[in-house]
Every structure is written in C-alpha cells, then in structure tokens.
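Source file: input.txt. Holds: compact mmCIF, C-alpha atoms.
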# COMPACT_ATOMS: atom_id res chain seq x y z
CA MET A 1 14.07 -25.58 26.25
CA GLY A 2 11.12 -23.19 26.71
CA ALA A 3 8.28 -22.38 24.34
CA LEU A 4 9.04 -20.44 21.16
CA THR A 5 7.99 -16.78 21.37
CA LEU A 6 7.76 -13.97 18.80
CA GLU A 7 11.05 -12.62 20.16
CA ASP A 8 12.70 -15.87 18.99
CA ILE A 9 11.49 -15.42 15.40
CA ASN A 10 13.77 -13.40 13.17
CA TYR A 11 13.46 -14.33 9.52
CA THR A 12 15.19 -12.31 6.81
CA TYR A 13 14.66 -11.51 3.15
CA ASP A 14 16.81 -14.55 2.24
CA ASP A 15 14.27 -16.77 4.02
CA TYR A 16 11.30 -14.83 2.62
CA LYS A 17 12.25 -15.28 -1.03
CA LEU A 18 12.25 -19.08 -0.60
CA TRP A 19 8.72 -19.34 0.81
CA LYS A 20 5.82 -20.67 -1.23
CA GLY A 21 2.61 -18.65 -1.33
CA ASP A 22 2.08 -14.99 -0.50
CA TRP A 23 3.73 -13.56 2.58
CA GLU A 24 4.86 -10.33 4.18
CA LEU A 25 7.71 -10.08 6.65
CA ILE A 26 7.48 -7.46 9.39
CA SER A 27 10.37 -7.14 11.86
CA GLY A 28 11.39 -10.73 11.15
CA VAL A 29 7.89 -12.16 11.69
CA PRO A 30 6.24 -13.89 8.69
CA LEU A 31 2.60 -12.98 8.03
CA ALA A 32 0.54 -15.02 5.56
CA MET A 33 -1.46 -13.12 2.94
CA SER A 34 -3.96 -15.81 2.11
CA PRO A 35 -6.58 -16.39 0.97
CA ALA A 36 -6.40 -14.35 -2.21
CA PRO A 37 -8.17 -10.98 -2.03
CA MET A 38 -11.89 -10.89 -2.77
CA ARG A 39 -13.09 -9.81 -6.23
CA LYS A 40 -14.27 -6.44 -4.91
CA HIS A 41 -10.81 -5.85 -3.39
CA GLN A 42 -9.13 -6.67 -6.70
CA GLY A 43 -11.65 -4.59 -8.65
CA ILE A 44 -11.01 -1.48 -6.53
CA ALA A 45 -7.24 -1.96 -6.84
CA SER A 46 -7.63 -2.24 -10.63
CA GLU A 47 -9.72 0.96 -10.77
CA ILE A 48 -7.07 2.85 -8.79
CA ILE A 49 -4.24 1.53 -10.96
CA TYR A 50 -6.15 2.42 -14.14
CA ASN A 51 -7.07 5.89 -12.85
CA LEU A 52 -3.51 6.75 -11.79
CA ARG A 53 -1.80 5.13 -14.81
CA ASN A 54 -3.87 7.18 -17.24
CA GLN A 55 -2.45 10.35 -15.68
CA LEU A 56 1.18 9.33 -16.22
CA ASN A 57 1.34 9.41 -20.02
CA ASP A 58 3.71 12.40 -19.94
CA CYS A 59 5.66 11.24 -16.90
CA SER A 60 8.40 8.70 -17.60
CA MET A 61 9.83 8.91 -14.06
CA CYS A 62 6.84 7.33 -12.30
CA GLU A 63 4.90 4.09 -12.55
CA VAL A 64 1.89 2.55 -10.87
CA LEU A 65 2.24 -1.05 -9.70
CA GLY A 66 0.01 -3.56 -7.97
CA GLU A 67 1.19 -6.02 -5.34
CA VAL A 68 4.93 -5.48 -5.67
CA ASP A 69 7.41 -6.30 -2.91
CA TYR A 70 8.74 -3.27 -1.03
CA LYS A 71 11.92 -4.33 0.78
CA ILE A 72 12.36 -1.93 3.67
CA SER A 73 15.12 -3.83 5.46
CA GLU A 74 16.55 -7.33 5.67
CA ASP A 75 13.75 -8.32 8.06
CA THR A 76 10.83 -6.27 6.67
CA VAL A 77 9.21 -6.82 3.27
CA VAL A 78 5.65 -5.68 2.60
CA ARG A 79 3.43 -6.00 -0.45
CA PRO A 80 1.09 -3.00 -0.79
CA ASP A 81 -2.01 -3.34 -2.93
CA VAL A 82 -1.08 -0.34 -5.13
CA VAL A 83 1.94 1.97 -5.26
CA LEU A 84 2.95 5.04 -7.20
CA THR A 85 6.72 4.98 -7.29
CA CYS A 86 9.09 7.41 -8.98
CA ASN A 87 12.73 7.06 -9.98
CA GLU A 88 12.93 3.48 -8.69
CA THR A 89 16.03 1.74 -10.01
CA HIS A 90 15.87 -1.75 -8.51
CA GLU A 91 14.40 -4.40 -10.81
CA ALA A 92 13.31 -7.19 -8.44
CA TYR A 93 11.52 -5.14 -5.76
CA LEU A 94 11.12 -1.59 -4.48
CA ILE A 95 13.86 -0.20 -2.28
CA LYS A 96 12.81 3.46 -2.22
CA ALA A 97 9.71 4.67 -0.44
CA PRO A 98 6.86 4.96 -2.94
CA GLU A 99 5.20 8.36 -3.16
CA ILE A 100 1.72 6.85 -2.71
CA ILE A 101 0.75 3.56 -1.11
CA VAL A 102 -2.79 2.18 -1.16
CA GLU A 103 -3.91 -0.65 1.11
CA ILE A 104 -7.38 -2.14 0.74
CA ILE A 105 -8.69 -3.41 4.07
CA SER A 106 -9.95 -6.92 4.60
CA LYS A 107 -11.03 -8.39 7.92
CA SER A 108 -7.80 -10.38 8.13
CA SER A 109 -5.54 -7.41 7.30
CA ALA A 110 -7.21 -4.50 9.13
CA LYS A 111 -4.86 -4.28 12.12
CA ARG A 112 -1.80 -4.88 9.95
CA ASP A 113 -2.80 -2.08 7.53
CA GLU A 114 -4.19 0.41 10.07
CA VAL A 115 -1.47 0.03 12.71
CA TYR A 116 1.70 -1.79 11.69
CA LYS A 117 1.95 -0.68 8.08
CA PHE A 118 0.73 2.82 8.99
CA ASP A 119 3.73 3.14 11.34
CA ILE A 120 6.13 1.57 8.82
CA TYR A 121 5.06 3.81 5.94
CA GLN A 122 5.16 6.90 8.14
CA ALA A 123 8.70 6.01 9.33
CA GLN A 124 9.78 5.37 5.72
CA LYS A 125 8.43 8.80 4.71
CA VAL A 126 5.88 7.58 2.19
CA LYS A 127 4.27 10.88 1.15
CA TYR A 128 0.68 9.62 0.95
CA TYR A 129 -0.97 6.59 2.51
CA ILE A 130 -4.50 5.65 1.45
CA ILE A 131 -6.53 3.08 3.34
CA ILE A 132 -9.57 1.84 1.41
CA TYR A 133 -12.60 0.32 3.15
CA PRO A 134 -14.28 -1.72 0.38
CA ASP A 135 -17.39 -2.71 2.35
CA ASP A 136 -18.21 0.94 3.06
CA LEU A 137 -16.77 2.36 -0.20
CA PHE A 138 -14.67 5.09 1.31
CA ALA A 139 -10.99 5.91 1.72
CA LYS A 140 -8.93 7.60 4.40
CA VAL A 141 -6.15 9.70 2.89
CA TYR A 142 -3.07 10.56 4.95
CA LYS A 143 -0.34 13.01 3.93
CA LEU A 144 3.09 13.08 5.52
CA ASP A 145 3.52 16.38 7.34
CA GLY A 146 7.10 16.45 8.54
CA LYS A 147 7.48 13.21 10.48
CA GLU A 148 3.83 12.28 10.97
CA TYR A 149 0.79 11.57 8.88
CA ASP A 150 -1.95 14.19 8.82
CA LYS A 151 -5.37 12.84 7.91
CA GLN A 152 -6.67 14.70 4.87
CA GLY A 153 -10.17 13.32 5.23
CA ASP A 154 -12.55 10.53 4.37
CA PHE A 155 -13.33 10.30 0.66
CA SER A 156 -16.23 8.56 -1.04
CA ASN A 157 -17.47 10.83 -3.83
CA GLU A 158 -14.72 13.45 -3.85
CA ARG A 159 -11.51 14.00 -5.79
CA TYR A 160 -8.17 14.34 -4.03
CA SER A 161 -5.09 15.90 -5.67
CA PHE A 162 -1.68 14.64 -4.62
CA ASP A 163 0.23 17.91 -4.86
CA GLU A 164 3.56 16.68 -3.51
CA THR A 165 4.23 13.84 -5.94
CA THR A 166 6.87 14.00 -8.66
CA CYS A 167 4.19 13.69 -11.33
CA LYS A 168 0.99 15.40 -10.27
CA VAL A 169 -1.91 12.96 -10.00
CA SER A 170 -5.33 12.85 -8.39
CA LEU A 171 -7.93 10.25 -7.54
CA ASP A 172 -11.62 10.69 -8.18
CA PHE A 173 -13.10 8.38 -5.57
CA LYS A 174 -16.57 8.66 -7.08
CA LYS A 175 -15.18 7.00 -10.23
CA VAL A 176 -13.08 4.50 -8.27
CA PHE A 177 -16.13 3.26 -6.36
CA ALA A 178 -18.79 3.74 -9.07
CA ARG A 179 -18.84 0.11 -10.30
CA PHE A 180 -19.36 -1.14 -6.74
CA ARG A 181 -22.35 1.04 -5.79
CA ARG A 182 -25.42 -1.11 -6.44
Give the structure from this file in structure tokens form.
Amino acid sequence: MGALTLEDINYTYDDYKLWKGDWELISGVPLAMSPAPMRKHQGIASEIIYNLRNQLNDCSMCEVLGEVDYKISEDTVVRPDVVLTCNETHEAYLIKAPEIIVEIISKSSAKRDEVYKFDIYQAQKVKYYIIIYPDDLFAKVYKLDGKEYDKQGDFSNERYSFDETTCKVSLDFKKVFARFRR
C-alpha cells in the first residue's frame, strides 16, 4: 500500500460533527482552527458584530452571528468569524449563503481565507466578503458582481454601505478599528 495523499482523504459532515476541538472541512480535508484567535482578532469581531447588530433593531429577518458553522455540502463546512444571515431556517448550522461574511486574517489562516474561502464564498454567491487585516487595521471589501467578486476598496477610516442586503446595514471602519489604534 502506498503513502496516503490528500486525494485519499474524504471526510464528511458526519465525521466532522464527532471531532473534538475547532475544525473546518474543505472538500473533505479537515483543517484545524487552533490555537484560539488572538484577543485583537476577537475584539475586532466583537466590534463588527456590535456595529451590525445595532442596525438590525427593525429587521426581524436578519441576524448577526459569530463563529457559526456554515454547511455548504456534505464535505465542506466552514466557520466564518462573523456573518450577517437573513431568512435562515436551519437551527444547528447555516445552510443558506449569508449575505455578508467577515474573515479576520491570522498568519495561520491567510491562504485559507484569501484563496480557498474566497473561491468558496464567491461560488456560493455570498453577496459581500470582507477580509480584515488586524495587524494593519484595514479591510478589503468584495461585492458579488454577477458570478465574481469585485473589490470595492481597502477601508481603514471609511464607512461602507451594503446596499444589496435584505436589511440595509453599513460598517464604519474607523469605529471598528478605533480601540486598536494606539
């Protein structure tokens, strides 16, 4: 018998839900999510959740969640840092594409977030994908334009309005990053 290769690995959601610790599953390949995110990472995620949640008081169709499983297929389950999801009906995990996904980059997750998840979210038709760079305190915002993401810009002190979401929201990146500018 030869050496085990990535082509031989094909785990499913049934395997995934039995694993201890924090994992993602992309095309049947398990990817560990440890160690736990740094305090700055968690702080930025909390600021984004707080900022978006405060805009949803009159919108009962949408909710903002942190680190929830998004089951894309039997062999792909990801856990974005922050999502804005609308009209989701499944209780255990997300099954519909969120309207906004935020990933906060760490050294260990950069390629996964910038390449693999970028392609996954684009294919799943997530309307907006935001990649946050906590060390540099800026965000790249992408908007789905047909079948591909169109980069809206780099944001550090600006506000961006998400015009194509069910409940209109915006993010003021100056406020999101304010606590971390020292």
Q.
Report as a ChimeraX atom specification all protein, DNA and RNA residues lying within 12 Å of Ile44 in chain A, evaluated on all atoms listed in the file, omitting residues in the same chain fewer than 2 positions from it.
A. /A:37-42,46-51,66,81-82,102-105,131-135,137-139,173-181
Taken to one decimal, the CA of Val29 in chain A-CA of Val78 in chain A distance is 11.4 Å
The distance between CA of Ile130 in chain A and CA of Tyr142 in chain A is 6.2 Å
Counting all atoms listed in the file, which residues of range 1-75 of chain A fall within 8 Å of range 91-98 of chain A, and what is the closest atom pair for each with its distance in Å at one decimal, ordered by chain and rising number, as JSON lines?
{"residue": "A:Val68", "atom": "CA", "partner": "A:Tyr93", "partner_atom": "CA", "distance": 6.6}
{"residue": "A:Asp69", "atom": "CA", "partner": "A:Tyr93", "partner_atom": "CA", "distance": 5.1}
{"residue": "A:Tyr70", "atom": "CA", "partner": "A:Leu94", "partner_atom": "CA", "distance": 4.5}
{"residue": "A:Lys71", "atom": "CA", "partner": "A:Ile95", "partner_atom": "CA", "distance": 5.5}
{"residue": "A:Ile72", "atom": "CA", "partner": "A:Ile95", "partner_atom": "CA", "distance": 6.4}
Please report the interatomic distance between CA of Ser27 in chain A and CA of Ile101 in chain A in Å with one decimal.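 The value is 19.4 Å.
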Using all atoms listed in the file, determine which residues lie at most 12 Å from Pro30 in chain A, disregarding the query and same-chain residues fewer than 4 positions distant; provide the list as a list in words. Leu6, Ile9, Asn10, Tyr11, Thr12, Tyr13, Asp15, Tyr16, Lys17, Trp19, Gly21, Asp22, Trp23, Glu24, Leu25, Ile26, Asp75, Thr76, Val77 and Val78 of chain A
Could you turn the residues from that selection into a file that holds C-alpha atoms, as a PDB file, in the coordinates of the input?
ATOM      1  CA  LEU A   6       7.760 -13.970  18.800  1.00  0.00           C
ATOM      2  CA  ILE A   9      11.490 -15.420  15.400  1.00  0.00           C
ATOM      3  CA  ASN A  10      13.770 -13.400  13.170  1.00  0.00           C
ATOM      4  CA  TYR A  11      13.460 -14.330   9.520  1.00  0.00           C
ATOM      5  CA  THR A  12      15.190 -12.310   6.810  1.00  0.00           C
ATOM      6  CA  TYR A  13      14.660 -11.510   3.150  1.00  0.00           C
ATOM      7  CA  ASP A  15      14.270 -16.770   4.020  1.00  0.00           C
ATOM      8  CA  TYR A  16      11.300 -14.830   2.620  1.00  0.00           C
ATOM      9  CA  LYS A  17      12.250 -15.280  -1.030  1.00  0.00           C
ATOM     10  CA  TRP A  19       8.720 -19.340   0.810  1.00  0.00           C
ATOM     11  CA  GLY A  21       2.610 -18.650  -1.330  1.00  0.00           C
ATOM     12  CA  ASP A  22       2.080 -14.990  -0.500  1.00  0.00           C
ATOM     13  CA  TRP A  23       3.730 -13.560   2.580  1.00  0.00           C
ATOM     14  CA  GLU A  24       4.860 -10.330   4.180  1.00  0.00           C
ATOM     15  CA  LEU A  25       7.710 -10.080   6.650  1.00  0.00           C
ATOM     16  CA  ILE A  26       7.480  -7.460   9.390  1.00  0.00           C
ATOM     17  CA  ASP A  75      13.750  -8.320   8.060  1.00  0.00           C
ATOM     18  CA  THR A  76      10.830  -6.270   6.670  1.00  0.00           C
ATOM     19  CA  VAL A  77       9.210  -6.820   3.270  1.00  0.00           C
ATOM     20  CA  VAL A  78       5.650  -5.680   2.600  1.00  0.00           C
TER      21      VAL A  78
END
Between A:Val169, A:Arg182, A:Thr89, A:Val141, smallest distance to Asp58 in chain A by only C-alpha atoms belongs to A:Val169
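Using only C-alpha atoms, the protein and nucleic acid residues lying no more than 10 Å from Cys62 in chain A, apart from those fewer than 2 places from it along its own chain, are A:Arg53, A:Leu56, A:Asn57, A:Asp58, A:Cys59, A:Ser60, A:Val64, A:Leu65, A:Leu84, A:Thr85, A:Cys86, A:Asn87, A:Glu88, A:Pro98, A:Glu99, A:Thr165, A:Thr166, A:Cys167.
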Step by step, gather every atom of range 136-139 of chain A that the file lists, find the box along x, y and z that holds them, add 5 Å on each side, and finally give centre and edge lengths in Å to one decimal, as JSON.
{"center_x": -14.6, "center_y": 3.4, "center_z": 1.4, "size_x": 17.2, "size_y": 15.0, "size_z": 13.3}
_Quick one: residues within 6 Å of Tyr128 in chain A, all atoms listed in the file, excluding same-chain residues fewer than 2 positions away - as an NGL selection string?_
:A and (100 or 126 or 142-143)
